[in-house]
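*Asks:* Following this line is model.cif, made up of mmCIF, C-alpha atoms and all ligand atoms:
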```
data_input
loop_
_atom_site.group_PDB
_atom_site.id
_atom_site.type_symbol
_atom_site.label_atom_id
_atom_site.label_comp_id
_atom_site.auth_asym_id
_atom_site.auth_seq_id
_atom_site.Cartn_x
_atom_site.Cartn_y
_atom_site.Cartn_z
ATOM 1 C CA MET A 1 -1.611 13.272 38.918
ATOM 2 C CA LYS A 2 0.003 9.887 38.781
ATOM 3 C CA SER A 3 -0.627 7.036 41.140
ATOM 4 C CA THR A 4 1.624 4.081 41.699
ATOM 5 C CA TYR A 5 0.405 0.555 41.685
ATOM 6 C CA ALA A 6 2.528 -2.196 43.126
ATOM 7 C CA LYS A 7 1.571 -5.809 43.313
ATOM 8 C CA ALA A 8 3.384 -8.934 44.325
ATOM 9 C CA LEU A 9 2.692 -11.484 41.619
ATOM 10 C CA GLN A 10 2.281 -14.699 43.513
ATOM 11 C CA LYS A 11 -0.235 -16.408 41.292
ATOM 12 C CA THR A 12 -0.101 -20.066 40.836
ATOM 13 C CA ILE A 13 -0.977 -22.082 37.792
ATOM 14 C CA ASN A 14 -1.783 -25.699 38.614
ATOM 15 C CA GLY A 15 -0.151 -25.213 42.006
ATOM 16 C CA ARG A 16 3.106 -23.904 40.496
ATOM 17 C CA GLU A 17 4.292 -20.488 41.625
ATOM 18 C CA ILE A 18 5.027 -18.400 38.528
ATOM 19 C CA ASN A 19 6.427 -15.107 39.777
ATOM 20 C CA LYS A 20 7.228 -13.559 43.137
ATOM 21 C CA GLU A 21 8.656 -10.272 41.910
ATOM 22 C CA THR A 22 7.131 -6.940 42.836
ATOM 23 C CA HIS A 23 6.282 -4.714 39.869
ATOM 24 C CA SER A 24 5.518 -0.990 40.014
ATOM 25 C CA PHE A 25 3.597 0.906 37.347
ATOM 26 C CA ASN A 26 2.768 4.570 36.865
ATOM 27 C CA PHE A 27 -0.544 5.461 35.288
ATOM 28 C CA ASP A 28 -3.081 8.269 35.311
ATOM 29 C CA HIS A 29 -6.177 6.103 35.386
ATOM 30 C CA SER A 30 -7.199 2.495 35.026
ATOM 31 C CA TYR A 31 -10.369 0.857 33.713
ATOM 32 C CA TRP A 32 -11.536 -2.614 34.539
ATOM 33 C CA SER A 33 -13.876 -4.528 32.266
ATOM 34 C CA TYR A 34 -13.546 -8.162 33.146
ATOM 35 C CA ASN A 35 -16.858 -9.060 34.733
ATOM 36 C CA LYS A 36 -20.062 -7.298 33.622
ATOM 37 C CA ASN A 37 -21.730 -8.089 36.945
ATOM 38 C CA ASP A 38 -19.023 -6.414 39.016
ATOM 39 C CA GLN A 39 -19.695 -2.883 40.318
ATOM 40 C CA HIS A 40 -16.305 -1.687 38.955
ATOM 41 C CA PHE A 41 -17.086 -2.842 35.408
ATOM 42 C CA ILE A 42 -16.510 -0.146 32.772
ATOM 43 C CA SER A 43 -18.393 -0.502 29.488
ATOM 44 C CA GLN A 44 -17.282 0.490 25.986
ATOM 45 C CA LYS A 45 -19.690 3.433 26.213
ATOM 46 C CA GLN A 46 -18.102 4.725 29.445
ATOM 47 C CA VAL A 47 -14.594 4.421 27.992
ATOM 48 C CA TYR A 48 -15.703 6.455 24.964
ATOM 49 C CA GLN A 49 -17.437 9.052 27.132
ATOM 50 C CA GLU A 50 -14.312 9.577 29.250
ATOM 51 C CA LEU A 51 -11.745 9.546 26.433
ATOM 52 C CA GLY A 52 -13.437 10.159 23.090
ATOM 53 C CA VAL A 53 -15.989 12.918 23.770
ATOM 54 C CA GLU A 54 -13.371 15.444 24.894
ATOM 55 C CA MET A 55 -11.137 14.639 21.903
ATOM 56 C CA LEU A 56 -13.995 15.236 19.489
ATOM 57 C CA ALA A 57 -14.781 18.558 21.181
ATOM 58 C CA HIS A 58 -11.128 19.625 20.728
ATOM 59 C CA ALA A 59 -11.264 18.612 17.053
ATOM 60 C CA PHE A 60 -14.274 20.915 16.534
ATOM 61 C CA GLU A 61 -12.275 23.690 18.240
ATOM 62 C CA GLY A 62 -9.640 23.195 15.510
ATOM 63 C CA TYR A 63 -6.984 21.140 17.332
ATOM 64 C CA ASN A 64 -5.296 18.031 15.993
ATOM 65 C CA VAL A 65 -5.989 15.140 18.354
ATOM 66 C CA CYS A 66 -4.791 11.562 18.674
ATOM 67 C CA ILE A 67 -5.883 8.525 20.662
ATOM 68 C CA PHE A 68 -3.817 5.396 20.497
ATOM 69 C CA ALA A 69 -4.040 1.987 22.097
ATOM 70 C CA TYR A 70 -0.678 0.613 23.269
ATOM 71 C CA GLY A 71 -0.133 -2.582 25.206
ATOM 72 C CA GLN A 72 0.558 -6.267 25.385
ATOM 73 C CA THR A 73 -0.901 -8.630 22.807
ATOM 74 C CA GLY A 74 -4.402 -9.794 23.695
ATOM 75 C CA SER A 75 -4.978 -6.980 26.207
ATOM 76 C CA GLY A 76 -7.965 -5.549 24.287
ATOM 77 C CA LYS A 77 -6.576 -2.725 22.114
ATOM 78 C CA SER A 78 -8.533 -3.553 18.935
ATOM 79 C CA TYR A 79 -11.606 -4.241 21.066
ATOM 80 C CA THR A 80 -11.321 -0.812 22.726
ATOM 81 C CA MET A 81 -10.649 1.065 19.480
ATOM 82 C CA MET A 82 -12.957 -0.804 17.059
ATOM 83 C CA GLY A 83 -15.050 -3.181 19.158
ATOM 84 C CA LYS A 84 -17.722 -5.328 17.565
ATOM 85 C CA SER A 85 -19.507 -3.511 14.741
ATOM 86 C CA ASN A 86 -22.524 -5.859 14.835
ATOM 87 C CA ASP A 87 -23.375 -5.052 18.472
ATOM 88 C CA PRO A 88 -24.157 -1.398 19.409
ATOM 89 C CA ASP A 89 -23.168 -2.001 23.063
ATOM 90 C CA GLU A 90 -19.782 -3.371 22.058
ATOM 91 C CA MET A 91 -18.812 -0.651 19.584
ATOM 92 C CA GLY A 92 -15.378 0.831 20.245
ATOM 93 C CA ILE A 93 -14.053 4.391 20.383
ATOM 94 C CA ILE A 94 -13.617 4.810 16.590
ATOM 95 C CA PRO A 95 -17.204 4.058 15.468
ATOM 96 C CA ARG A 96 -18.676 5.970 18.448
ATOM 97 C CA LEU A 97 -16.561 9.023 17.696
ATOM 98 C CA CYS A 98 -17.515 8.885 13.975
ATOM 99 C CA ASN A 99 -21.192 8.586 14.914
ATOM 100 C CA ASP A 100 -21.011 11.627 17.229
ATOM 101 C CA LEU A 101 -19.049 13.578 14.622
ATOM 102 C CA PHE A 102 -21.872 13.311 12.067
ATOM 103 C CA GLU A 103 -24.545 13.808 14.697
ATOM 104 C CA ARG A 104 -22.891 17.123 15.563
ATOM 105 C CA ILE A 105 -22.554 18.098 11.897
ATOM 106 C CA ASP A 106 -26.199 17.171 11.180
ATOM 107 C CA ASN A 107 -27.379 19.240 14.174
ATOM 108 C CA ASN A 108 -25.460 22.320 13.086
ATOM 109 C CA ASN A 109 -27.803 25.325 12.908
ATOM 110 C CA ASP A 110 -25.231 27.904 11.877
ATOM 111 C CA LYS A 111 -25.845 28.497 8.173
ATOM 112 C CA HIS A 112 -22.500 30.301 7.829
ATOM 113 C CA VAL A 113 -20.530 27.151 8.654
ATOM 114 C CA GLN A 114 -20.022 24.248 6.267
ATOM 115 C CA TYR A 115 -18.352 20.998 7.194
ATOM 116 C CA SER A 116 -16.500 18.453 5.108
ATOM 117 C CA VAL A 117 -14.978 15.183 6.288
ATOM 118 C CA GLU A 118 -12.310 13.014 4.680
ATOM 119 C CA VAL A 119 -10.923 9.748 5.997
ATOM 120 C CA SER A 120 -7.870 7.622 5.343
ATOM 121 C CA TYR A 121 -6.920 4.250 6.783
ATOM 122 C CA MET A 122 -3.476 2.675 6.659
ATOM 123 C CA GLU A 123 -1.489 -0.066 8.337
ATOM 124 C CA ILE A 124 2.209 -0.324 9.074
ATOM 125 C CA TYR A 125 3.139 -3.950 8.645
ATOM 126 C CA CYS A 126 6.785 -5.036 9.028
ATOM 127 C CA GLU A 127 7.870 -1.384 8.597
ATOM 128 C CA ARG A 128 5.916 -1.011 5.325
ATOM 129 C CA VAL A 129 2.927 1.278 4.901
ATOM 130 C CA LYS A 130 -0.163 -0.182 3.202
ATOM 131 C CA ASP A 131 -3.274 1.746 2.152
ATOM 132 C CA LEU A 132 -6.227 -0.122 3.700
ATOM 133 C CA LEU A 133 -8.736 1.810 1.558
ATOM 134 C CA ASN A 134 -6.885 0.758 -1.587
ATOM 135 C CA PRO A 135 -5.163 -2.506 -0.647
ATOM 136 C CA ASN A 136 -4.333 -3.324 -4.279
ATOM 137 C CA SER A 137 -2.067 -0.264 -4.546
ATOM 138 C CA GLY A 138 0.865 -2.290 -3.174
ATOM 139 C CA GLY A 139 2.191 -2.432 0.365
ATOM 140 C CA ASN A 140 4.971 0.103 0.460
ATOM 141 C CA LEU A 141 3.835 3.730 0.397
ATOM 142 C CA ARG A 142 6.483 6.368 1.095
ATOM 143 C CA VAL A 143 6.456 8.550 4.200
ATOM 144 C CA ARG A 144 7.534 12.131 3.418
ATOM 145 C CA GLU A 145 7.940 15.336 5.375
ATOM 146 C CA HIS A 146 6.062 18.492 4.437
ATOM 147 C CA PRO A 147 7.887 21.664 5.560
ATOM 148 C CA LEU A 148 4.723 23.118 7.153
ATOM 149 C CA LEU A 149 2.370 20.207 7.734
ATOM 150 C CA GLY A 150 4.911 17.646 8.969
ATOM 151 C CA PRO A 151 5.075 13.953 8.053
ATOM 152 C CA TYR A 152 2.565 12.509 5.583
ATOM 153 C CA VAL A 153 2.133 9.353 3.513
ATOM 154 C CA ASP A 154 2.496 9.889 -0.208
ATOM 155 C CA ASP A 155 -0.408 8.647 -2.371
ATOM 156 C CA LEU A 156 -2.527 7.557 0.601
ATOM 157 C CA THR A 157 -6.223 7.430 -0.399
ATOM 158 C CA LYS A 158 -8.401 10.099 1.190
ATOM 159 C CA MET A 159 -12.128 9.475 0.814
ATOM 160 C CA ALA A 160 -14.748 12.176 1.259
ATOM 161 C CA VAL A 161 -17.588 10.935 3.493
ATOM 162 C CA CYS A 162 -21.036 12.429 4.075
ATOM 163 C CA SER A 163 -22.456 10.200 6.785
ATOM 164 C CA TYR A 164 -21.665 7.750 9.560
ATOM 165 C CA TYR A 165 -22.893 5.005 7.219
ATOM 166 C CA ASP A 166 -20.208 5.990 4.637
ATOM 167 C CA ILE A 167 -17.475 5.795 7.297
ATOM 168 C CA CYS A 168 -18.703 2.404 8.542
ATOM 169 C CA ASN A 169 -18.518 0.963 5.044
ATOM 170 C CA LEU A 170 -14.960 2.218 4.593
ATOM 171 C CA MET A 171 -13.919 0.971 8.040
ATOM 172 C CA ASP A 172 -15.327 -2.485 7.298
ATOM 173 C CA GLU A 173 -13.502 -2.633 3.962
ATOM 174 C CA GLY A 174 -10.255 -1.484 5.613
ATOM 175 C CA ASN A 175 -10.571 -3.951 8.488
ATOM 176 C CA LYS A 176 -10.946 -6.818 6.021
ATOM 177 C CA ALA A 177 -7.627 -5.822 4.420
ATOM 178 C CA ARG A 178 -5.805 -5.600 7.763
ATOM 179 C CA THR A 179 -3.129 -8.181 8.572
ATOM 180 C CA VAL A 180 -4.434 -10.361 11.391
ATOM 181 C CA ALA A 181 -3.253 -13.822 12.427
ATOM 182 C CA ALA A 182 -3.698 -16.321 15.249
ATOM 183 C CA THR A 183 -1.046 -16.658 17.961
ATOM 184 C CA ASN A 184 -1.135 -18.598 21.246
ATOM 185 C CA MET A 185 -2.043 -15.326 23.021
ATOM 186 C CA ASN A 186 -4.803 -14.084 20.698
ATOM 187 C CA SER A 187 -6.749 -15.873 17.948
ATOM 188 C CA THR A 188 -7.182 -12.600 16.044
ATOM 189 C CA SER A 189 -3.925 -10.817 16.793
ATOM 190 C CA SER A 190 -3.257 -7.586 14.862
ATOM 191 C CA ARG A 191 0.116 -8.006 13.172
ATOM 192 C CA SER A 192 0.277 -4.370 12.107
ATOM 193 C CA HIS A 193 -0.258 -0.858 13.500
ATOM 194 C CA ALA A 194 -3.457 0.658 12.077
ATOM 195 C CA VAL A 195 -3.986 4.414 11.750
ATOM 196 C CA PHE A 196 -7.486 5.706 11.003
ATOM 197 C CA THR A 197 -7.425 9.434 10.245
ATOM 198 C CA ILE A 198 -10.348 11.831 10.001
ATOM 199 C CA VAL A 199 -9.758 15.279 8.528
ATOM 200 C CA LEU A 200 -12.482 17.710 9.571
ATOM 201 C CA THR A 201 -12.709 20.974 7.633
ATOM 202 C CA GLN A 202 -14.932 23.802 8.870
ATOM 203 C CA LYS A 203 -15.509 26.642 6.414
ATOM 204 C CA ARG A 204 -16.950 29.779 7.945
ATOM 205 C CA HIS A 205 -18.354 32.700 5.998
ATOM 206 C CA CYS A 206 -18.413 36.020 7.813
ATOM 207 C CA PRO A 207 -21.368 38.060 6.428
ATOM 208 C CA ASP A 208 -19.964 41.368 7.766
ATOM 209 C CA THR A 209 -16.483 41.169 6.260
ATOM 210 C CA LYS A 210 -17.563 38.808 3.412
ATOM 211 C CA LEU A 211 -14.445 36.778 4.215
ATOM 212 C CA ASP A 212 -14.250 32.978 4.225
ATOM 213 C CA THR A 213 -12.030 31.246 6.765
ATOM 214 C CA GLU A 214 -11.161 27.580 7.056
ATOM 215 C CA LYS A 215 -10.298 25.518 10.140
ATOM 216 C CA VAL A 216 -8.791 22.082 9.517
ATOM 217 C CA SER A 217 -8.244 19.503 12.249
ATOM 218 C CA LYS A 218 -6.954 15.988 12.135
ATOM 219 C CA VAL A 219 -8.202 13.171 14.374
ATOM 220 C CA SER A 220 -5.770 10.228 14.429
ATOM 221 C CA LEU A 221 -7.118 7.002 15.913
ATOM 222 C CA VAL A 222 -4.419 4.385 16.257
ATOM 223 C CA ASP A 223 -4.660 0.690 17.085
ATOM 224 C CA LEU A 224 -1.091 -0.470 17.614
ATOM 225 C CA ALA A 225 -0.001 -4.073 17.308
ATOM 226 C CA GLY A 226 0.661 -5.648 20.710
ATOM 227 C CA SER A 227 4.059 -6.170 22.284
ATOM 228 C CA GLU A 228 4.760 -9.866 22.663
ATOM 229 C CA ARG A 229 7.163 -12.456 24.016
ATOM 230 C CA ALA A 230 7.987 -15.092 21.406
ATOM 231 C CA ASN A 231 7.841 -17.798 24.126
ATOM 232 C CA SER A 232 4.267 -16.834 25.091
ATOM 233 C CA THR A 233 2.852 -16.331 21.595
ATOM 234 C CA GLY A 234 4.543 -19.462 20.229
ATOM 235 C CA ALA A 235 5.563 -17.381 17.184
ATOM 236 C CA GLU A 236 7.713 -18.996 14.530
ATOM 237 C CA GLY A 237 8.672 -18.106 10.937
ATOM 238 C CA GLN A 238 6.672 -15.147 9.584
ATOM 239 C CA ARG A 239 4.845 -14.626 12.924
ATOM 240 C CA LEU A 240 8.247 -14.364 14.693
ATOM 241 C CA LYS A 241 9.507 -11.845 12.103
ATOM 242 C CA GLU A 242 6.307 -9.812 12.545
ATOM 243 C CA GLY A 243 6.700 -9.946 16.351
ATOM 244 C CA ALA A 244 10.313 -8.686 16.129
ATOM 245 C CA ASN A 245 9.209 -5.735 13.940
ATOM 246 C CA ILE A 246 6.279 -4.978 16.250
ATOM 247 C CA ASN A 247 8.502 -4.928 19.362
ATOM 248 C CA LYS A 248 11.167 -2.821 17.618
ATOM 249 C CA SER A 249 8.689 -0.151 16.519
ATOM 250 C CA LEU A 250 6.926 -0.093 19.908
ATOM 251 C CA THR A 251 10.258 0.360 21.712
ATOM 252 C CA THR A 252 11.077 3.286 19.408
ATOM 253 C CA LEU A 253 7.630 4.811 19.996
ATOM 254 C CA GLY A 254 8.110 4.391 23.770
ATOM 255 C CA LEU A 255 11.447 6.251 23.561
ATOM 256 C CA VAL A 256 9.878 9.073 21.522
ATOM 257 C CA ILE A 257 7.042 9.451 24.048
ATOM 258 C CA SER A 258 9.375 9.490 27.058
ATOM 259 C CA LYS A 259 11.626 12.099 25.357
ATOM 260 C CA LEU A 260 8.578 14.280 24.618
ATOM 261 C CA ALA A 261 7.412 13.875 28.229
ATOM 262 C CA GLU A 262 10.911 14.876 29.453
ATOM 263 C CA GLU A 263 10.778 18.038 27.310
ATOM 264 C CA VAL A 264 7.350 18.960 28.726
ATOM 265 C CA SER A 265 8.468 18.402 32.340
ATOM 266 C CA LYS A 266 11.514 20.698 31.756
ATOM 267 C CA GLU A 267 9.253 23.600 30.678
HETATM 268 N N1 LIG B 301 -13.403 -5.369 27.505
HETATM 269 C C1 LIG B 301 -13.588 -6.527 26.855
HETATM 270 N N2 LIG B 301 -14.752 -7.200 26.948
HETATM 271 C C2 LIG B 301 -14.947 -8.349 26.283
HETATM 272 N N3 LIG B 301 -14.036 -8.943 25.480
HETATM 273 C C3 LIG B 301 -12.850 -8.330 25.358
HETATM 274 C C4 LIG B 301 -12.546 -7.093 26.022
HETATM 275 N N4 LIG B 301 -11.291 -6.716 25.699
HETATM 276 C C5 LIG B 301 -10.830 -7.684 24.878
HETATM 277 N N5 LIG B 301 -11.740 -8.648 24.665
HETATM 278 C C6 LIG B 301 -11.579 -9.851 23.842
HETATM 279 O O1 LIG B 301 -10.237 -10.336 24.078
HETATM 280 C C7 LIG B 301 -9.656 -10.788 22.859
HETATM 281 C C8 LIG B 301 -8.351 -10.041 22.591
HETATM 282 O O2 LIG B 301 -8.659 -8.661 22.397
HETATM 283 P P1 LIG B 301 -8.008 -7.806 21.224
HETATM 284 O O3 LIG B 301 -7.912 -8.558 19.939
HETATM 285 O O4 LIG B 301 -8.729 -6.501 21.215
HETATM 286 O O5 LIG B 301 -6.526 -7.608 21.831
HETATM 287 P P2 LIG B 301 -5.328 -6.745 21.257
HETATM 288 O O6 LIG B 301 -4.735 -6.038 22.434
HETATM 289 O O7 LIG B 301 -5.785 -5.901 20.107
HETATM 290 O O8 LIG B 301 -4.340 -7.882 20.765
HETATM 291 P P3 LIG B 301 -3.187 -7.866 19.626
HETATM 292 O O9 LIG B 301 -2.146 -6.882 20.084
HETATM 293 O O10 LIG B 301 -2.664 -9.268 19.603
HETATM 294 O O11 LIG B 301 -3.866 -7.474 18.363
HETATM 295 C C9 LIG B 301 -10.703 -10.582 21.757
HETATM 296 O O12 LIG B 301 -11.388 -11.803 21.575
HETATM 297 C C10 LIG B 301 -11.632 -9.531 22.346
HETATM 298 O O13 LIG B 301 -12.962 -9.651 21.825
#
```
What does the file become when written as structure tokens?

*Replies:*
Amino acid sequence: MKSTYAKALQKTINGREINKETHSFNFDHSYWSYNKNDQHFISQKQVYQELGVEMLAHAFEGYNVCIFAYGQTGSGKSYTMMGKSNDPDEMGIIPRLCNDLFERIDNNNDKHVQYSVEVSYMEIYCERVKDLLNPNSGGNLRVREHPLLGPYVDDLTKMAVCSYYDICNLMDEGNKARTVAATNMNSTSSRSHAVFTIVLTQKRHCPDTKLDTEKVSKVSLVDLAGSERANSTGAEGQRLKEGANINKSLTTLGLVISKLAEEVSKE
């Protein structure tokens, strides 16, 4: 169920009124994590428990799942998705989900089921796809369409991983290759959309029929670049070009999502 939030923006900065308009927003839920001492404060762990745990459960059931962070620059998307790797309390959804994934695999007692995990990590920067696990491969991989499996990126590196530690190493390497720059709104602003994909394969052997079956699910974890106003970010030159590409692709994504939502509501 959706709730509507309306607020008259009558804030003042140095005594100057900045906006008197009333804005309305539709959303399913909102989290607040501004002041750790406030009773409404929601931690990284709680966000993961409410959004990530269910997604991981669906992935083990064999569904493809996707979580993406969409919003204004500086609003906390990268923090929510990745967080701070050096502080366990501040870890974001992606490392927590990877940790739980291997914990579940390690605790598997069913000797007829075998798991394998592969990951890929790419960024879309100024409409070009770059492989973050092989940044020297050039920054313009081709997106193709498979008749059964749908869109895929040609030649994107897929690495087999056996532990949470393996994934962390790959994530760290990929994050170092990601395009980040300082703007007036965020000192470490993501200038690209990053897509971290986990492919989970479950092979099951049925001792009665002697048949092997395979269940493959894809978990897509997406940290989008933030929408921005050139006036607020102070973007010029390359930063301005990046900002224009970011806004264009986010507008297109917004249109796709609203069309999909329209189709669902017609059913
Ligand atoms: N819940 C939070 N608690 C503490 N710090 C936060 C929180 N959310 C965001 N921050 C901090 O705010 C700053 C901006 O966050 P972040 O880089 O995640 O924004 P973003 O939405 O990804 O921005 P951009 O679209 O420009 O990449 C960072 O310094 C981050 O550490």

*Asks:* Residues at most 9 Å from ligand LIG 301 (chain B), using only C-alpha atoms and all ligand atoms? Could they come as a ChimeraX atom specification?

*Replies:* /A:32-36,42-44,69-84,90,180-183,185-193,223-228

*Asks:* Please, could you write that set of residues out with C-alpha atoms as a PDB file, keeping the file's coordinate frame?

*Replies:*
```
ATOM      1  CA  TRP A  32     -11.536  -2.614  34.539  1.00  0.00           C
ATOM      2  CA  SER A  33     -13.876  -4.528  32.266  1.00  0.00           C
ATOM      3  CA  TYR A  34     -13.546  -8.162  33.146  1.00  0.00           C
ATOM      4  CA  ASN A  35     -16.858  -9.060  34.733  1.00  0.00           C
ATOM      5  CA  LYS A  36     -20.062  -7.298  33.622  1.00  0.00           C
ATOM      6  CA  ILE A  42     -16.510  -0.146  32.772  1.00  0.00           C
ATOM      7  CA  SER A  43     -18.393  -0.502  29.488  1.00  0.00           C
ATOM      8  CA  GLN A  44     -17.282   0.490  25.986  1.00  0.00           C
ATOM      9  CA  ALA A  69      -4.040   1.987  22.097  1.00  0.00           C
ATOM     10  CA  TYR A  70      -0.678   0.613  23.269  1.00  0.00           C
ATOM     11  CA  GLY A  71      -0.133  -2.582  25.206  1.00  0.00           C
ATOM     12  CA  GLN A  72       0.558  -6.267  25.385  1.00  0.00           C
ATOM     13  CA  THR A  73      -0.901  -8.630  22.807  1.00  0.00           C
ATOM     14  CA  GLY A  74      -4.402  -9.794  23.695  1.00  0.00           C
ATOM     15  CA  SER A  75      -4.978  -6.980  26.207  1.00  0.00           C
ATOM     16  CA  GLY A  76      -7.965  -5.549  24.287  1.00  0.00           C
ATOM     17  CA  LYS A  77      -6.576  -2.725  22.114  1.00  0.00           C
ATOM     18  CA  SER A  78      -8.533  -3.553  18.935  1.00  0.00           C
ATOM     19  CA  TYR A  79     -11.606  -4.241  21.066  1.00  0.00           C
ATOM     20  CA  THR A  80     -11.321  -0.812  22.726  1.00  0.00           C
ATOM     21  CA  MET A  81     -10.649   1.065  19.480  1.00  0.00           C
ATOM     22  CA  MET A  82     -12.957  -0.804  17.059  1.00  0.00           C
ATOM     23  CA  GLY A  83     -15.050  -3.181  19.158  1.00  0.00           C
ATOM     24  CA  LYS A  84     -17.722  -5.328  17.565  1.00  0.00           C
ATOM     25  CA  GLU A  90     -19.782  -3.371  22.058  1.00  0.00           C
ATOM     26  CA  VAL A 180      -4.434 -10.361  11.391  1.00  0.00           C
ATOM     27  CA  ALA A 181      -3.253 -13.822  12.427  1.00  0.00           C
ATOM     28  CA  ALA A 182      -3.698 -16.321  15.249  1.00  0.00           C
ATOM     29  CA  THR A 183      -1.046 -16.658  17.961  1.00  0.00           C
ATOM     30  CA  MET A 185      -2.043 -15.326  23.021  1.00  0.00           C
ATOM     31  CA  ASN A 186      -4.803 -14.084  20.698  1.00  0.00           C
ATOM     32  CA  SER A 187      -6.749 -15.873  17.948  1.00  0.00           C
ATOM     33  CA  THR A 188      -7.182 -12.600  16.044  1.00  0.00           C
ATOM     34  CA  SER A 189      -3.925 -10.817  16.793  1.00  0.00           C
ATOM     35  CA  SER A 190      -3.257  -7.586  14.862  1.00  0.00           C
ATOM     36  CA  ARG A 191       0.116  -8.006  13.172  1.00  0.00           C
ATOM     37  CA  SER A 192       0.277  -4.370  12.107  1.00  0.00           C
ATOM     38  CA  HIS A 193      -0.258  -0.858  13.500  1.00  0.00           C
ATOM     39  CA  ASP A 223      -4.660   0.690  17.085  1.00  0.00           C
ATOM     40  CA  LEU A 224      -1.091  -0.470  17.614  1.00  0.00           C
ATOM     41  CA  ALA A 225      -0.001  -4.073  17.308  1.00  0.00           C
ATOM     42  CA  GLY A 226       0.661  -5.648  20.710  1.00  0.00           C
ATOM     43  CA  SER A 227       4.059  -6.170  22.284  1.00  0.00           C
ATOM     44  CA  GLU A 228       4.760  -9.866  22.663  1.00  0.00           C
TER      45      GLU A 228
END
```

*Asks:* Would you translate the PyMOL selection byres (((chain A and resi 204-206) around 10) and not hetatm) into the concrete set of residues it matches in this file, as a list of chain:residue names?

*Replies:*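 Answer for the PyMOL selection byres (((chain A and resi 204-206) around 10) and not hetatm): A:Asp110, A:Lys111, A:His112, A:Val113, A:Gln114, A:Tyr115, A:Thr201, A:Gln202, A:Lys203, A:Pro207, A:Asp208, A:Thr209, A:Lys210, A:Leu211, A:Asp212, A:Thr213, A:Glu214, A:Lys215.
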
*Asks:* Go through A:Leu156, A:Ile94, A:Ile198, A:Met55 one by one, measure the shortest atom-to-atom distance of each to Val219 in chain A using all atoms listed in the file, and give the residue with the smallest value.

*Replies:*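 Ranking A:Leu156, A:Ile94, A:Ile198, A:Met55 by distance to Val219 in chain A, first place goes to A:Ile198.
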
*Asks:* Please evaluate the PyMOL selection byres (((chain A and resi 195) around 6) and not hetatm) against the displayed coordinates and give the resulting residues as a VMD selection string.

*Replies:* chain A and resid 121 to 122 194 196 221 to 222

*Asks:* Using Å and a single decimal, report how far CA of Ser258 in chain A sits from CA of Leu132 in chain A.

*Replies:*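 Calculated distance between CA of Leu132 in chain A and CA of Ser258 in chain A is 29.7 Å.
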
*Asks:* State, in Å with one decimal place, the distance from CA of Asn169 in chain A to CA of Cys98 in chain A.

*Replies:*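 Value for the CA of Asn169 in chain A-CA of Cys98 in chain A distance: 12.0 Å.
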
*Asks:* I'd like the contact shell of range 242-253 of chain A - 6 Å cut-off, all atoms listed in the file, skipping same-chain residues fewer than 2 positions apart - returned as a list of chain:residue names.

*Replies:*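 Counting only the stated atoms, we get A:Cys126, A:Ser227, A:Arg239, A:Leu240, A:Leu255, A:Val256.
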
*Asks:* Which of these residues is nearest to Asp155 in chain A, using all atoms listed in the file: A:Arg128, A:Glu54, A:Ser120, A:Ala177?

*Replies:*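 Between A:Arg128, A:Glu54, A:Ser120, A:Ala177, the residue approaching Asp155 in chain A most closely is A:Ser120.
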
*Asks:* How would you write, as a VMD selection string, the residues chosen by the PyMOL selection byres (((chain A and resi 136-143) around 6) and not hetatm) on this structure?

*Replies:* chain A and resid 128 to 130 134 to 135 144 152 to 154

*Asks:* Would you mind telling me which residue in A:Lys158, A:Asn184, A:Glu118, A:Lys259 lies nearest to Ala230 in chain A when using all atoms listed in the file?

*Replies:*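 Between A:Lys158, A:Asn184, A:Glu118, A:Lys259, the residue approaching Ala230 in chain A most closely is A:Asn184.
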
*Asks:* What does the distance between CA of Lys218 in chain A and CA of Leu200 in chain A come to in Å, to one decimal place?

*Replies:*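 CA of Leu200 in chain A lies at a distance of 6.3 Å from CA of Lys218 in chain A.
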
*Asks:* Would you please take range 232-239 of chain A of the structure in the block above and write N, CA and C atoms to a file as an mmCIF file, in the first residue's frame?

*Replies:*
```cif
data_model
loop_
_atom_site.group_PDB
_atom_site.id
_atom_site.type_symbol
_atom_site.label_atom_id
_atom_site.label_comp_id
_atom_site.auth_asym_id
_atom_site.auth_seq_id
_atom_site.Cartn_x
_atom_site.Cartn_y
_atom_site.Cartn_z
ATOM 1 N N SER A 232 23.637 22.908 -8.650
ATOM 2 C CA SER A 232 23.948 22.484 -7.283
ATOM 3 C C SER A 232 25.291 21.772 -7.195
ATOM 4 N N THR A 233 25.611 20.962 -8.216
ATOM 5 C CA THR A 233 26.869 20.201 -8.143
ATOM 6 C C THR A 233 28.059 21.063 -8.566
ATOM 7 N N GLY A 234 27.788 22.170 -9.253
ATOM 8 C CA GLY A 234 28.876 23.019 -9.742
ATOM 9 C C GLY A 234 29.640 22.333 -10.861
ATOM 10 N N ALA A 235 28.963 21.398 -11.585
ATOM 11 C CA ALA A 235 29.658 20.610 -12.611
ATOM 12 C C ALA A 235 29.985 21.452 -13.841
ATOM 13 N N GLU A 236 31.214 21.237 -14.319
ATOM 14 C CA GLU A 236 31.650 21.892 -15.555
ATOM 15 C C GLU A 236 32.443 20.872 -16.353
ATOM 16 N N GLY A 237 32.641 21.112 -17.648
ATOM 17 C CA GLY A 237 33.496 20.249 -18.472
ATOM 18 C C GLY A 237 33.066 18.797 -18.425
ATOM 19 N N GLN A 238 34.029 17.898 -18.090
ATOM 20 C CA GLN A 238 33.743 16.456 -18.092
ATOM 21 C C GLN A 238 32.659 16.109 -17.077
ATOM 22 N N ARG A 239 32.696 16.759 -15.882
ATOM 23 C CA ARG A 239 31.685 16.469 -14.847
ATOM 24 C C ARG A 239 30.281 16.801 -15.371
#
```
